[in-house]
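> Have a look at this one before I ask anything.
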Amino acid sequence: MHKLSVIIPVYNERKTILKILSLIEMVNLPEVTKEIIIIDDKSTDGTRDVLKGLMGGEYKIILKDKNEGKGAALRTGFQHITGDIVIIQDADLEYDPQDYHKLIEPILSGKEKVVYGSRNLGKNNKSSAFSYYWGGKFLSWLTNFLYHIKITDEPTCYKVFRADILKNINLECRGFEFCPEVTAKVAKRGIHIHEEPISYYPRSVAEGKKIKWRDGWIAIWTLIKYRFKKV
């Protein structure tokens with residue numbers, strides 16, 4: 001029996017957190033159990049109150065004492081993993097947990113160690129705003145250029161790892177640079193990143209999207225830094 005650890009970093013997602021948990025629970029994975037680890041990054045919109053109401057139940061809920069960023073929240077969550085497969089899940093409903101099946105299958109079968117869900121390979125997906133779409137395209141191109149790999153969606157949320165692989169990667173990220181850092185360090189270890197097409201439902205800044213233009217510059221610097229830094 002395999003166990004899938006679903007890591008959910010949360011910051012000000014009061015309107016969507018219960019919905020995403022419901023969608024995750026609806027995913028039926030034969031011969032795979034799920035543990036859901038939620039890390040609240042000091043939300044201020046009432047998300048914490050919602051999560052406190054769930055404590056003592058089936059979820060592992062971690063309430064951080066201060067806001068440090070998505071990367072720091074993920075690193076905290078990784079310390080509580082007991083599963084042998086790990087998937088990152090945002091709480092904003094842009095990604096569909098029904099894609100778990102195709103994302104974990106290559107790892108379950110032993111064919112792959114790391115799988116990314118590609119929004120660009122998914123059919124009929126709507127594009128996010130111009131800057132997000134082309135920013136993601138550029139980061140994917142830069143990743144391929146620097147690390148001599150071939151992926152189509154470097155900044156995707158849906159990143160799936162064999163747990164032992166993830167635990168052996170020393171991460172330093174605090175913010176959104178988790179994606180380029182973990183991708184760089186996986187690539188430098190010579191581990192193949194397999195991609196599967198996924199569904200995508202982009203939301204706008206007005207709807208709560210938090211990543212900003214400066215995060216793009218940080219991602220570029222992160223990719224360049226780890227290309228030449230010993231890891």
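In the structure tokens, chains take letters A, B, ... by order of appearance, with residues numbered from 1 within each chain and ligands from 1 in the order shown.
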Write out as a PyMOL selection string all residues of stretch 21-169 of chain A that DSSP puts in helix (DSSP H, G or I) for this structure's backbone.

chain A and resi 21-25+47-52+70-78+97-108+130-147+163-167

> Pick out the residues sitting within 6 Å of A:Ser118, and hand them over as a PyMOL selection string; count only C-alpha atoms, and ignore anything fewer than 3 positions along from it in its own chain.

chain A and resi 121+153+196-198

> Using only C-alpha atoms, can you tell me which of A:Gly57, A:Gly175, A:Pro202, A:Gly190 comes closest to A:Ala73?

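Of A:Gly57, A:Gly175, A:Pro202, A:Gly190, the one nearest A:Ala73 is A:Gly175, counting only C-alpha atoms.
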
> Tell me, as a ChimeraX atom specification, which residues lie within 9 Å of A:Asn28, counting only C-alpha atoms; anything in the same chain fewer than 3 positions away does not count.

/A:24-25,32,98,101

> Using only C-alpha atoms for the distances, tell me which of A:Ile151, A:Val114, A:Met55, A:Leu21 is nearest to A:Ala91.

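Comparing A:Ile151, A:Val114, A:Met55, A:Leu21 against A:Ala91, the winner is A:Leu21.
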
> If you count only C-alpha atoms, which residues fall within 10 Å of A:Ser140, apart from same-chain ones fewer than 4 positions away, as a list of chain:residue names?

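Contacts, with the query itself left out: A:Trp134, A:Gly135, A:Gly136, A:Asn144, A:Phe145, A:Ile149, A:Lys150, A:Ile151, A:Thr152, A:Asp153, A:Glu154, A:Pro155, A:Thr156, A:Pro180.
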
> As JSON, numbers by chain, please: the residues near stretch 80-88 of chain A (cut-off 10 Å, only C-alpha atoms, same-chain neighbours under 6 positions excluded).

{"A": [1, 2, 3, 4, 5, 6, 7, 8, 9, 32, 33, 34, 35, 36, 37, 60, 62, 74, 100, 103, 104, 107, 108, 113, 114, 115, 116, 156, 157, 158, 159, 160, 161, 162, 163, 164, 165, 166, 167]}

> Could you turn the residues from that selection into a file that holds N, CA and C atoms, as an mmCIF file, in the first residue's frame?


```cif
data_model
loop_
_atom_site.group_PDB
_atom_site.id
_atom_site.type_symbol
_atom_site.label_atom_id
_atom_site.label_comp_id
_atom_site.auth_asym_id
_atom_site.auth_seq_id
_atom_site.Cartn_x
_atom_site.Cartn_y
_atom_site.Cartn_z
ATOM 1 N N MET A 1 0.837 -1.192 0.000
ATOM 2 C CA MET A 1 0.000 0.000 0.000
ATOM 3 C C MET A 1 0.874 1.244 0.000
ATOM 4 N N HIS A 2 0.667 2.134 -0.972
ATOM 5 C CA HIS A 2 1.414 3.382 -1.053
ATOM 6 C C HIS A 2 0.645 4.482 -0.321
ATOM 7 N N LYS A 3 1.378 5.499 0.100
ATOM 8 C CA LYS A 3 0.754 6.663 0.726
ATOM 9 C C LYS A 3 1.183 7.920 -0.020
ATOM 10 N N LEU A 4 0.195 8.739 -0.367
ATOM 11 C CA LEU A 4 0.433 10.009 -1.041
ATOM 12 C C LEU A 4 0.315 11.141 -0.022
ATOM 13 N N SER A 5 1.390 11.892 0.139
ATOM 14 C CA SER A 5 1.365 13.063 1.013
ATOM 15 C C SER A 5 1.019 14.287 0.168
ATOM 16 N N VAL A 6 -0.111 14.908 0.464
ATOM 17 C CA VAL A 6 -0.563 16.103 -0.245
ATOM 18 C C VAL A 6 -0.207 17.318 0.610
ATOM 19 N N ILE A 7 0.692 18.156 0.100
ATOM 20 C CA ILE A 7 1.174 19.309 0.855
ATOM 21 C C ILE A 7 0.466 20.562 0.345
ATOM 22 N N ILE A 8 -0.252 21.248 1.229
ATOM 23 C CA ILE A 8 -1.024 22.430 0.841
ATOM 24 C C ILE A 8 -0.549 23.656 1.618
ATOM 25 N N PRO A 9 0.259 24.522 0.996
ATOM 26 C CA PRO A 9 0.605 25.790 1.642
ATOM 27 C C PRO A 9 -0.554 26.760 1.470
ATOM 28 N N VAL A 32 -3.870 3.355 -2.779
ATOM 29 C CA VAL A 32 -3.089 4.501 -2.323
ATOM 30 C C VAL A 32 -3.886 5.234 -1.247
ATOM 31 N N THR A 33 -3.290 5.415 -0.085
ATOM 32 C CA THR A 33 -3.921 6.223 0.950
ATOM 33 C C THR A 33 -3.390 7.652 0.839
ATOM 34 N N LYS A 34 -4.118 8.582 1.410
ATOM 35 C CA LYS A 34 -3.708 9.986 1.340
ATOM 36 C C LYS A 34 -3.532 10.554 2.740
ATOM 37 N N GLU A 35 -2.487 11.341 2.917
ATOM 38 C CA GLU A 35 -2.374 12.194 4.092
ATOM 39 C C GLU A 35 -2.327 13.626 3.576
ATOM 40 N N ILE A 36 -3.092 14.489 4.211
ATOM 41 C CA ILE A 36 -3.195 15.878 3.764
ATOM 42 C C ILE A 36 -2.574 16.769 4.829
ATOM 43 N N ILE A 37 -1.526 17.478 4.418
ATOM 44 C CA ILE A 37 -0.781 18.339 5.326
ATOM 45 C C ILE A 37 -0.995 19.789 4.903
ATOM 46 N N LYS A 60 -3.417 16.949 8.928
ATOM 47 C CA LYS A 60 -2.301 17.498 9.684
ATOM 48 C C LYS A 60 -2.287 19.000 9.410
ATOM 49 N N ILE A 62 -0.740 22.749 10.341
ATOM 50 C CA ILE A 62 0.354 23.477 10.971
ATOM 51 C C ILE A 62 0.070 24.970 10.839
ATOM 52 N N LEU A 74 6.246 25.335 2.539
ATOM 53 C CA LEU A 74 6.454 23.997 1.974
ATOM 54 C C LEU A 74 7.543 23.245 2.731
ATOM 55 N N TYR A 100 -4.563 13.769 -10.128
ATOM 56 C CA TYR A 100 -3.630 12.976 -9.325
ATOM 57 C C TYR A 100 -3.345 11.617 -9.950
ATOM 58 N N LEU A 103 -0.733 11.773 -12.586
ATOM 59 C CA LEU A 103 0.514 12.329 -12.085
ATOM 60 C C LEU A 103 1.307 11.339 -11.237
ATOM 61 N N ILE A 104 0.622 10.504 -10.482
ATOM 62 C CA ILE A 104 1.351 9.570 -9.623
ATOM 63 C C ILE A 104 1.621 8.230 -10.288
ATOM 64 N N ILE A 107 5.213 7.213 -11.145
ATOM 65 C CA ILE A 107 6.017 6.915 -9.964
ATOM 66 C C ILE A 107 5.600 5.575 -9.374
ATOM 67 N N LEU A 108 4.302 5.329 -9.313
ATOM 68 C CA LEU A 108 3.816 4.049 -8.798
ATOM 69 C C LEU A 108 4.357 2.880 -9.610
ATOM 70 N N LYS A 113 10.799 9.164 -11.178
ATOM 71 C CA LYS A 113 10.986 9.593 -9.789
ATOM 72 C C LYS A 113 10.374 10.961 -9.523
ATOM 73 N N VAL A 114 10.254 11.774 -10.592
ATOM 74 C CA VAL A 114 9.704 13.125 -10.484
ATOM 75 C C VAL A 114 8.764 13.363 -11.661
ATOM 76 N N VAL A 115 7.580 13.892 -11.381
ATOM 77 C CA VAL A 115 6.584 14.167 -12.419
ATOM 78 C C VAL A 115 6.046 15.578 -12.227
ATOM 79 N N TYR A 116 5.980 16.341 -13.305
ATOM 80 C CA TYR A 116 5.367 17.670 -13.278
ATOM 81 C C TYR A 116 4.076 17.635 -14.095
ATOM 82 N N THR A 156 4.825 25.256 -12.805
ATOM 83 C CA THR A 156 3.574 24.586 -12.452
ATOM 84 C C THR A 156 3.515 24.269 -10.962
ATOM 85 N N CYS A 157 2.329 24.341 -10.404
ATOM 86 C CA CYS A 157 2.144 23.942 -9.000
ATOM 87 C C CYS A 157 2.307 22.434 -8.847
ATOM 88 N N TYR A 158 1.721 21.667 -9.764
ATOM 89 C CA TYR A 158 1.703 20.217 -9.611
ATOM 90 C C TYR A 158 3.070 19.610 -9.885
ATOM 91 N N LYS A 159 3.814 19.466 -8.803
ATOM 92 C CA LYS A 159 5.105 18.796 -8.830
ATOM 93 C C LYS A 159 4.987 17.578 -7.917
ATOM 94 N N VAL A 160 5.364 16.421 -8.423
ATOM 95 C CA VAL A 160 5.209 15.167 -7.687
ATOM 96 C C VAL A 160 6.578 14.508 -7.564
ATOM 97 N N PHE A 161 6.895 14.042 -6.378
ATOM 98 C CA PHE A 161 8.214 13.469 -6.122
ATOM 99 C C PHE A 161 8.101 12.139 -5.394
ATOM 100 N N ARG A 162 8.992 11.243 -5.691
ATOM 101 C CA ARG A 162 9.194 10.131 -4.785
ATOM 102 C C ARG A 162 9.749 10.744 -3.511
ATOM 103 N N ALA A 163 9.190 10.407 -2.381
ATOM 104 C CA ALA A 163 9.506 11.106 -1.134
ATOM 105 C C ALA A 163 10.986 11.069 -0.792
ATOM 106 N N ASP A 164 11.653 9.963 -1.037
ATOM 107 C CA ASP A 164 13.062 9.872 -0.688
ATOM 108 C C ASP A 164 13.908 10.832 -1.517
ATOM 109 N N ILE A 165 13.486 11.108 -2.738
ATOM 110 C CA ILE A 165 14.193 12.068 -3.583
ATOM 111 C C ILE A 165 14.059 13.467 -2.992
ATOM 112 N N LEU A 166 12.830 13.852 -2.655
ATOM 113 C CA LEU A 166 12.586 15.196 -2.124
ATOM 114 C C LEU A 166 13.310 15.414 -0.794
ATOM 115 N N LYS A 167 13.307 14.400 0.060
ATOM 116 C CA LYS A 167 13.929 14.536 1.369
ATOM 117 C C LYS A 167 15.444 14.708 1.282
#
```
